[in-house]
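Asks: My structure file query22.pdb, PDB, C-alpha atoms, pLDDT in the B column, is below:
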ATOM      1  CA  MET A  15     -97.430-113.575  43.817  1.00 90.00           C
ATOM      2  CA  LEU A  16     -97.186-117.261  42.967  1.00 92.00           C
ATOM      3  CA  VAL A  17     -99.588-119.764  44.562  1.00 95.00           C
ATOM      4  CA  ILE A  18     -98.472-123.370  44.221  1.00 94.00           C
ATOM      5  CA  LEU A  19    -100.957-126.246  44.501  1.00 94.00           C
ATOM      6  CA  SER A  20     -99.427-129.683  45.051  1.00 91.00           C
ATOM      7  CA  GLY A  21    -100.681-133.147  45.817  1.00 86.00           C
ATOM      8  CA  VAL A  22    -100.539-136.598  44.319  1.00 80.00           C
ATOM      9  CA  SER A  23    -102.116-137.244  40.917  1.00 75.00           C
ATOM     10  CA  GLY A  24    -105.913-137.105  41.402  1.00 75.00           C
ATOM     11  CA  ALA A  25    -105.831-134.715  44.383  1.00 80.00           C
ATOM     12  CA  GLY A  26    -107.863-132.112  42.475  1.00 84.00           C
ATOM     13  CA  LYS A  27    -105.184-129.532  41.662  1.00 88.00           C
ATOM     14  CA  ASP A  28    -106.326-128.710  38.143  1.00 86.00           C
ATOM     15  CA  THR A  29    -110.044-128.659  38.992  1.00 88.00           C
ATOM     16  CA  ILE A  30    -109.464-126.294  41.920  1.00 94.00           C
ATOM     17  CA  LYS A  31    -107.164-124.076  39.865  1.00 92.00           C
ATOM     18  CA  LYS A  32    -109.859-123.702  37.167  1.00 90.00           C
ATOM     19  CA  GLU A  33    -112.463-122.754  39.779  1.00 94.00           C
ATOM     20  CA  LEU A  34    -110.170-120.161  41.388  1.00 95.00           C
ATOM     21  CA  ILE A  35    -109.573-118.554  37.992  1.00 93.00           C
ATOM     22  CA  LYS A  36    -113.346-118.381  37.402  1.00 94.00           C
ATOM     23  CA  ARG A  37    -114.016-116.785  40.800  1.00 94.00           C
ATOM     24  CA  MET A  38    -111.053-114.409  41.203  1.00 94.00           C
ATOM     25  CA  GLN A  39    -110.374-111.778  38.547  1.00 88.00           C
ATOM     26  CA  ASP A  40    -106.672-111.209  39.306  1.00 89.00           C
ATOM     27  CA  VAL A  41    -105.798-114.919  39.308  1.00 93.00           C
ATOM     28  CA  GLU A  42    -104.334-116.644  36.246  1.00 91.00           C
ATOM     29  CA  SER A  43    -102.880-120.024  35.455  1.00 89.00           C
ATOM     30  CA  LEU A  44     -99.334-120.661  34.351  1.00 88.00           C
ATOM     31  CA  PRO A  45     -99.431-123.748  32.158  1.00 88.00           C
ATOM     32  CA  SER A  46     -96.385-125.979  32.460  1.00 88.00           C
ATOM     33  CA  TYR A  47     -94.651-127.486  29.495  1.00 94.00           C
ATOM     34  CA  THR A  48     -94.992-131.257  29.252  1.00 94.00           C
ATOM     35  CA  SER A  49     -93.890-134.049  26.970  1.00 95.00           C
ATOM     36  CA  ARG A  50     -97.015-136.122  27.656  1.00 91.00           C
ATOM     37  CA  LYS A  51     -99.944-136.393  25.289  1.00 88.00           C
ATOM     38  CA  PRO A  52    -103.029-134.236  25.983  1.00 88.00           C
ATOM     39  CA  ARG A  53    -106.047-135.793  27.674  1.00 80.00           C
ATOM     40  CA  GLU A  54    -109.436-135.618  25.945  1.00 79.00           C
ATOM     41  CA  ASP A  55    -110.532-132.407  27.687  1.00 78.00           C
ATOM     42  CA  GLU A  56    -107.203-130.542  27.522  1.00 82.00           C
ATOM     43  CA  GLU A  57    -106.333-127.705  25.156  1.00 84.00           C
ATOM     44  CA  GLU A  58    -102.887-126.524  24.107  1.00 89.00           C
ATOM     45  CA  GLY A  59    -101.811-123.530  26.191  1.00 85.00           C
ATOM     46  CA  VAL A  60    -104.649-123.858  28.699  1.00 81.00           C
ATOM     47  CA  GLN A  61    -103.662-126.727  31.008  1.00 80.00           C
ATOM     48  CA  TYR A  62    -100.228-127.357  29.453  1.00 88.00           C
ATOM     49  CA  HIS A  63     -97.998-126.572  26.516  1.00 94.00           C
ATOM     50  CA  PHE A  64     -97.619-129.987  24.872  1.00 96.00           C
ATOM     51  CA  ILE A  65     -94.270-130.609  23.185  1.00 96.00           C
ATOM     52  CA  SER A  66     -92.191-133.645  22.236  1.00 95.00           C
ATOM     53  CA  LYS A  67     -89.525-135.101  24.536  1.00 95.00           C
ATOM     54  CA  GLU A  68     -86.900-133.931  22.039  1.00 96.00           C
ATOM     55  CA  LYS A  69     -88.216-130.340  22.074  1.00 96.00           C
ATOM     56  CA  PHE A  70     -88.409-130.442  25.884  1.00 96.00           C
ATOM     57  CA  GLU A  71     -84.790-131.614  26.131  1.00 96.00           C
ATOM     58  CA  GLU A  72     -83.783-128.800  23.764  1.00 97.00           C
ATOM     59  CA  LYS A  73     -85.437-126.274  26.111  1.00 96.00           C
ATOM     60  CA  ILE A  74     -83.546-127.844  29.042  1.00 96.00           C
ATOM     61  CA  LYS A  75     -80.246-127.366  27.181  1.00 96.00           C
ATOM     62  CA  ASN A  76     -81.206-123.734  26.462  1.00 96.00           C
ATOM     63  CA  ASN A  77     -81.915-123.124  30.197  1.00 94.00           C
ATOM     64  CA  GLU A  78     -85.524-122.064  29.512  1.00 95.00           C
ATOM     65  CA  PHE A  79     -87.038-123.594  32.672  1.00 93.00           C
ATOM     66  CA  TYR A  80     -87.004-122.460  36.294  1.00 89.00           C
ATOM     67  CA  GLU A  81     -87.500-126.099  37.153  1.00 87.00           C
ATOM     68  CA  TYR A  82     -88.348-129.331  35.430  1.00 89.00           C
ATOM     69  CA  ASP A  83     -88.848-132.939  36.429  1.00 86.00           C
ATOM     70  CA  LEU A  84     -89.354-136.349  34.866  1.00 86.00           C
ATOM     71  CA  HIS A  85     -92.622-137.571  36.394  1.00 79.00           C
ATOM     72  CA  HIS A  86     -94.572-140.717  35.375  1.00 77.00           C
ATOM     73  CA  ASN A  87     -92.194-141.067  32.390  1.00 86.00           C
ATOM     74  CA  ASN A  88     -92.940-137.565  31.074  1.00 90.00           C
ATOM     75  CA  TYR A  89     -91.220-134.217  31.488  1.00 93.00           C
ATOM     76  CA  TYR A  90     -92.930-131.260  33.182  1.00 90.00           C
ATOM     77  CA  GLY A  91     -91.378-127.806  33.499  1.00 90.00           C
ATOM     78  CA  THR A  92     -91.981-124.149  34.388  1.00 89.00           C
ATOM     79  CA  SER A  93     -91.046-121.610  31.726  1.00 92.00           C
ATOM     80  CA  LYS A  94     -88.935-118.693  32.949  1.00 90.00           C
ATOM     81  CA  LYS A  95     -90.232-116.412  30.196  1.00 91.00           C
ATOM     82  CA  LEU A  96     -93.950-117.104  30.783  1.00 90.00           C
ATOM     83  CA  MET A  97     -93.708-116.800  34.580  1.00 88.00           C
ATOM     84  CA  ASN A  98     -91.756-113.535  34.464  1.00 86.00           C
ATOM     85  CA  GLU A  99     -94.244-111.980  32.031  1.00 88.00           C
ATOM     86  CA  LYS A 100     -97.213-112.760  34.291  1.00 86.00           C
ATOM     87  CA  ILE A 101     -95.516-111.689  37.539  1.00 83.00           C
ATOM     88  CA  HIS A 102     -94.400-108.384  35.994  1.00 83.00           C
ATOM     89  CA  ASN A 103     -98.009-107.773  34.879  1.00 85.00           C
ATOM     90  CA  GLY A 104     -99.104-107.960  38.535  1.00 82.00           C
ATOM     91  CA  LYS A 105    -101.080-111.181  38.236  1.00 86.00           C
ATOM     92  CA  ILE A 106    -101.491-113.788  40.958  1.00 92.00           C
ATOM     93  CA  ILE A 107    -100.348-116.998  39.352  1.00 93.00           C
ATOM     94  CA  VAL A 108    -101.883-120.287  40.480  1.00 93.00           C
ATOM     95  CA  LYS A 109     -99.736-123.205  39.398  1.00 90.00           C
ATOM     96  CA  ASP A 110    -100.230-126.892  40.032  1.00 87.00           C
ATOM     97  CA  ILE A 111     -96.898-128.611  40.414  1.00 85.00           C
ATOM     98  CA  GLU A 112     -95.505-131.731  42.045  1.00 83.00           C
ATOM     99  CA  VAL A 113     -93.426-131.657  45.236  1.00 86.00           C
ATOM    100  CA  ASN A 114     -89.953-131.704  43.662  1.00 81.00           C
ATOM    101  CA  GLY A 115     -90.868-128.794  41.427  1.00 81.00           C
ATOM    102  CA  THR A 116     -92.173-126.904  44.449  1.00 88.00           C
ATOM    103  CA  GLU A 117     -88.857-127.315  46.271  1.00 86.00           C
ATOM    104  CA  ASN A 118     -86.955-126.119  43.214  1.00 83.00           C
ATOM    105  CA  LEU A 119     -89.179-123.077  42.641  1.00 85.00           C
ATOM    106  CA  LEU A 120     -89.045-122.081  46.316  1.00 88.00           C
ATOM    107  CA  GLU A 121     -85.258-122.132  46.224  1.00 86.00           C
ATOM    108  CA  ILE A 122     -85.018-120.210  42.946  1.00 85.00           C
ATOM    109  CA  LEU A 123     -87.729-117.595  43.597  1.00 85.00           C
ATOM    110  CA  LYS A 124     -87.411-117.022  47.359  1.00 78.00           C
ATOM    111  CA  ASN A 125     -85.885-113.555  46.928  1.00 81.00           C
ATOM    112  CA  GLU A 126     -87.766-112.567  43.772  1.00 80.00           C
ATOM    113  CA  THR A 127     -91.474-113.018  44.453  1.00 86.00           C
ATOM    114  CA  LYS A 128     -93.925-114.016  47.161  1.00 89.00           C
ATOM    115  CA  VAL A 129     -94.588-117.767  46.936  1.00 92.00           C
ATOM    116  CA  VAL A 130     -97.494-119.389  48.810  1.00 95.00           C
ATOM    117  CA  THR A 131     -97.525-123.189  48.909  1.00 95.00           C
ATOM    118  CA  ILE A 132    -100.628-125.340  49.418  1.00 97.00           C
ATOM    119  CA  PHE A 133    -100.683-129.141  49.607  1.00 94.00           C
ATOM    120  CA  LEU A 134    -103.957-130.930  48.833  1.00 93.00           C
ATOM    121  CA  LYS A 135    -104.301-134.098  50.875  1.00 89.00           C
ATOM    122  CA  VAL A 136    -106.669-136.900  49.838  1.00 84.00           C
ATOM    123  CA  GLU A 137    -107.103-140.371  51.321  1.00 81.00           C
ATOM    124  CA  LYS A 138    -105.647-143.235  49.261  1.00 75.00           C
ATOM    125  CA  GLU A 139    -108.945-145.005  48.506  1.00 79.00           C
ATOM    126  CA  GLU A 140    -110.573-141.737  47.436  1.00 76.00           C
ATOM    127  CA  LEU A 141    -107.598-141.098  45.138  1.00 73.00           C
ATOM    128  CA  ARG A 142    -108.007-144.545  43.613  1.00 74.00           C
ATOM    129  CA  LYS A 143    -111.691-143.805  42.852  1.00 80.00           C
ATOM    130  CA  ARG A 144    -110.822-140.428  41.290  1.00 72.00           C
ATOM    131  CA  LEU A 145    -108.074-141.915  39.131  1.00 76.00           C
ATOM    132  CA  GLU A 146    -110.360-144.722  37.940  1.00 76.00           C
ATOM    133  CA  LYS A 147    -113.074-142.206  36.951  1.00 76.00           C
ATOM    134  CA  ARG A 148    -110.737-139.753  35.204  1.00 68.00           C
ATOM    135  CA  GLY A 149    -111.145-139.207  31.478  1.00 59.00           C
ATOM    136  CA  ASP A 150    -107.643-140.281  30.506  1.00 62.00           C
ATOM    137  CA  HIS A 151    -108.360-144.032  30.771  1.00 69.00           C
ATOM    138  CA  LEU A 152    -105.470-144.945  33.046  1.00 72.00           C
ATOM    139  CA  SER A 153    -104.407-148.570  33.079  1.00 79.00           C
ATOM    140  CA  PRO A 154    -104.328-150.396  36.436  1.00 79.00           C
ATOM    141  CA  GLU A 155    -100.508-150.136  36.264  1.00 82.00           C
ATOM    142  CA  ASP A 156    -100.680-146.353  35.751  1.00 79.00           C
ATOM    143  CA  ILE A 157    -103.066-146.001  38.682  1.00 77.00           C
ATOM    144  CA  GLU A 158    -100.712-148.005  40.918  1.00 79.00           C
ATOM    145  CA  LEU A 159     -97.760-145.888  39.722  1.00 76.00           C
ATOM    146  CA  ARG A 160     -99.584-142.718  40.785  1.00 76.00           C
ATOM    147  CA  LEU A 161    -100.770-144.188  44.091  1.00 75.00           C
ATOM    148  CA  GLY A 162     -97.213-145.365  44.738  1.00 75.00           C
ATOM    149  CA  ARG A 163     -96.093-141.727  44.950  1.00 76.00           C
ATOM    150  CA  LEU A 164     -98.590-140.900  47.709  1.00 77.00           C
ATOM    151  CA  LYS A 165     -96.268-141.701  50.611  1.00 84.00           C
ATOM    152  CA  TYR A 166     -93.346-139.841  48.992  1.00 86.00           C
ATOM    153  CA  GLU A 167     -95.422-136.750  48.197  1.00 86.00           C
ATOM    154  CA  GLU A 168     -96.940-136.652  51.685  1.00 86.00           C
ATOM    155  CA  SER A 169     -93.426-136.892  53.173  1.00 88.00           C
ATOM    156  CA  LYS A 170     -92.850-133.400  51.718  1.00 90.00           C
ATOM    157  CA  ILE A 171     -95.840-131.780  53.473  1.00 92.00           C
ATOM    158  CA  CYS A 172     -93.507-130.001  55.919  1.00 92.00           C
ATOM    159  CA  ASN A 173     -92.332-127.782  53.010  1.00 91.00           C
ATOM    160  CA  TYR A 174     -95.811-126.285  52.546  1.00 95.00           C
ATOM    161  CA  ASP A 175     -97.385-123.204  54.110  1.00 96.00           C
ATOM    162  CA  TYR A 176    -100.843-124.805  54.123  1.00 97.00           C
ATOM    163  CA  VAL A 177    -102.146-128.383  54.029  1.00 96.00           C
ATOM    164  CA  ILE A 178    -105.817-128.834  53.132  1.00 95.00           C
ATOM    165  CA  LYS A 179    -107.765-132.078  53.196  1.00 92.00           C
ATOM    166  CA  ASN A 180    -109.577-131.999  49.852  1.00 90.00           C
ATOM    167  CA  ASP A 181    -112.690-134.016  50.651  1.00 89.00           C
ATOM    168  CA  ASP A 182    -115.220-131.208  49.992  1.00 91.00           C
ATOM    169  CA  PHE A 183    -114.707-129.235  46.775  1.00 93.00           C
ATOM    170  CA  GLU A 184    -116.610-126.060  47.750  1.00 96.00           C
ATOM    171  CA  LYS A 185    -114.987-125.908  51.171  1.00 96.00           C
ATOM    172  CA  THR A 186    -111.509-126.427  49.700  1.00 95.00           C
ATOM    173  CA  VAL A 187    -111.982-123.689  47.089  1.00 96.00           C
ATOM    174  CA  TYR A 188    -113.337-121.299  49.740  1.00 97.00           C
ATOM    175  CA  ILE A 189    -110.343-121.965  52.020  1.00 97.00           C
ATOM    176  CA  ILE A 190    -107.858-121.394  49.188  1.00 97.00           C
ATOM    177  CA  GLU A 191    -109.664-118.196  48.089  1.00 96.00           C
ATOM    178  CA  THR A 192    -109.394-116.938  51.670  1.00 97.00           C
ATOM    179  CA  ILE A 193    -105.688-117.829  51.811  1.00 97.00           C
ATOM    180  CA  ILE A 194    -104.975-115.990  48.542  1.00 96.00           C
ATOM    181  CA  LYS A 195    -106.870-112.860  49.662  1.00 95.00           C
ATOM    182  CA  SER A 196    -105.089-112.848  53.049  1.00 95.00           C
ATOM    183  CA  GLU A 197    -101.647-113.394  51.545  1.00 95.00           C
ATOM    184  CA  LYS A 198    -102.287-110.638  48.982  1.00 92.00           C
ATOM    185  CA  LYS A 199    -103.242-108.191  51.766  1.00 92.00           C
ATOM    186  CA  LEU A 200    -100.085-109.093  53.709  1.00 91.00           C
ATOM    187  CA  LEU A 201     -97.963-108.590  50.612  1.00 87.00           C
ATOM    188  CA  GLU A 202     -99.494-105.166  49.899  1.00 86.00           C
ATOM    189  CA  LYS A 203     -99.120-104.132  53.549  1.00 87.00           C
ATOM    190  CA  ASN A 204     -95.411-105.037  53.560  1.00 81.00           C
ATOM    191  CA  ARG A 205     -94.549-103.147  50.346  1.00 73.00           C
TER
END
Could the structure of this file be written out as structure tokens, please?

Replies:
Amino acid sequence: MLVILSGVSGAGKDTIKKELIKRMQDVESLPSYTSRKPREDEEEGVQYHFISKEKFEEKIKNNEFYEYDLHHNNYYGTSKKLMNEKIHNGKIIVKDIEVNGTENLLEILKNETKVVTIFLKVEKEELRKRLEKRGDHLSPEDIELRLGRLKYEESKICNYDYVIKNDDFEKTVYIIETIIKSEKKLLEKNR
């Protein structure tokens, strides 16, 4: 089963994903590949696989991604090989991905695996505060670039199974844990 977390930059996707992995033994992350530089607290292979734009474009040519997108001037993509390995090992994969990637993965995987989509909604001013406090020292221009995607990303909410207002961390994690457990039971019942 694949659980997709989406939402604009600063919505809490990565933080929630980490907490779910801590709390649920059968849940794992699937790090995307990216051409951006790592942030201070990020490790290779944990949050992302960091590669150059040239290497990323080589992987595109070799058809190594289920989906990829150019987002905030950097590439992000989902490795076919890594995803297939985890799914075949029976893991529940939690992946944070932007809305275009979600649409692409849903189309590609709809007949192959159970996909559960969750959109994390956060008010614009709260997002601004989160982006300003983040450890990657975003410039005012970068913050505006990310906030500028809010309307576009929220226009895609209709493509999601669940929409959760992420204004209370514990409550949000509890709701997502409950969703994952319920969806897993449904999947096992229908096998």

Asks: Between CA of Val17 (chain A) and CA of Asn204 (chain A), what is the spacing in Å?

Replies: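 Distance reported for this atom pair: 17.8 Å.
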
Asks: Mind running region 90-114 of chain A against region 165-173 of chain A at 10 Å and telling me each contacting residue's nearest atom pair with the distance in Å (one decimal), counting only C-alpha atoms, chain and number ascending, as CSV?

Replies:
residue,atom,partner,partner_atom,distance
A:Glu112,CA,A:Glu167,CA,7.9
A:Val113,CA,A:Glu167,CA,6.2
A:Asn114,CA,A:Glu167,CA,8.7

Asks: Which polymer residues have any atom within 12 Å of an atom of Lys69 (chain A), counting only C-alpha atoms, with same-chain residues fewer than 3 positions away left out, as a PyMOL selection string?

Replies: chain A and resi 47-50+63-66+72-76+78+89

Asks: So which residues touch region 185-199 of chain A within 10 Å, counting all atoms listed in the file, skipping near sequence neighbours fewer than 2 positions away, as a VMD selection string?

Replies: chain A and resid 15 to 17 19 26 29 to 31 33 to 34 37 to 38 41 106 108 128 to 130 132 134 176 178 to 183 201 to 204

Asks: Excluding same-chain residues fewer than 6 positions from Leu119 (chain A), what lies within 9 Å of it counting only C-alpha atoms, as a PyMOL selection string?

Replies: chain A and resi 80-81+92+129

Asks: Nearest to Arg163 (chain A): which of A:Lys51, A:Leu141, A:Gln39, A:Phe70 is it, counting all atoms listed in the file?

Replies: A:Leu141

Asks: Identify which of the residues A:Lys124, A:Lys95, A:Lys143, A:Lys105 lies closest to Asp40 (chain A), counting only C-alpha atoms when measuring atom-to-atom distances.

Replies: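 Under the stated criterion, the closest residue is A:Lys105.
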
Asks: Box in all listed atoms of region 102-114 of chain A, axis-aligned, with 8 Å more on each side; write out centre and edge lengths in Å to one decimal as AutoDock Vina command-line options.

Replies:
--center_x -95.9 --center_y -119.8 --center_z 40.1 --size_x 27.9 --size_y 40.0 --size_z 26.4

Asks: So what do you get for CA of Asp175 (chain A) versus CA of Phe79 (chain A), distance-wise?

Replies: 23.8 Å

Asks: Given the choices A:Leu44, A:Val136, A:Leu96, A:Ile107, which gets closest to Val177 (chain A) if the distance is worked out from only C-alpha atoms?

Replies: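 Nearest to Val177 (chain A): A:Val136.
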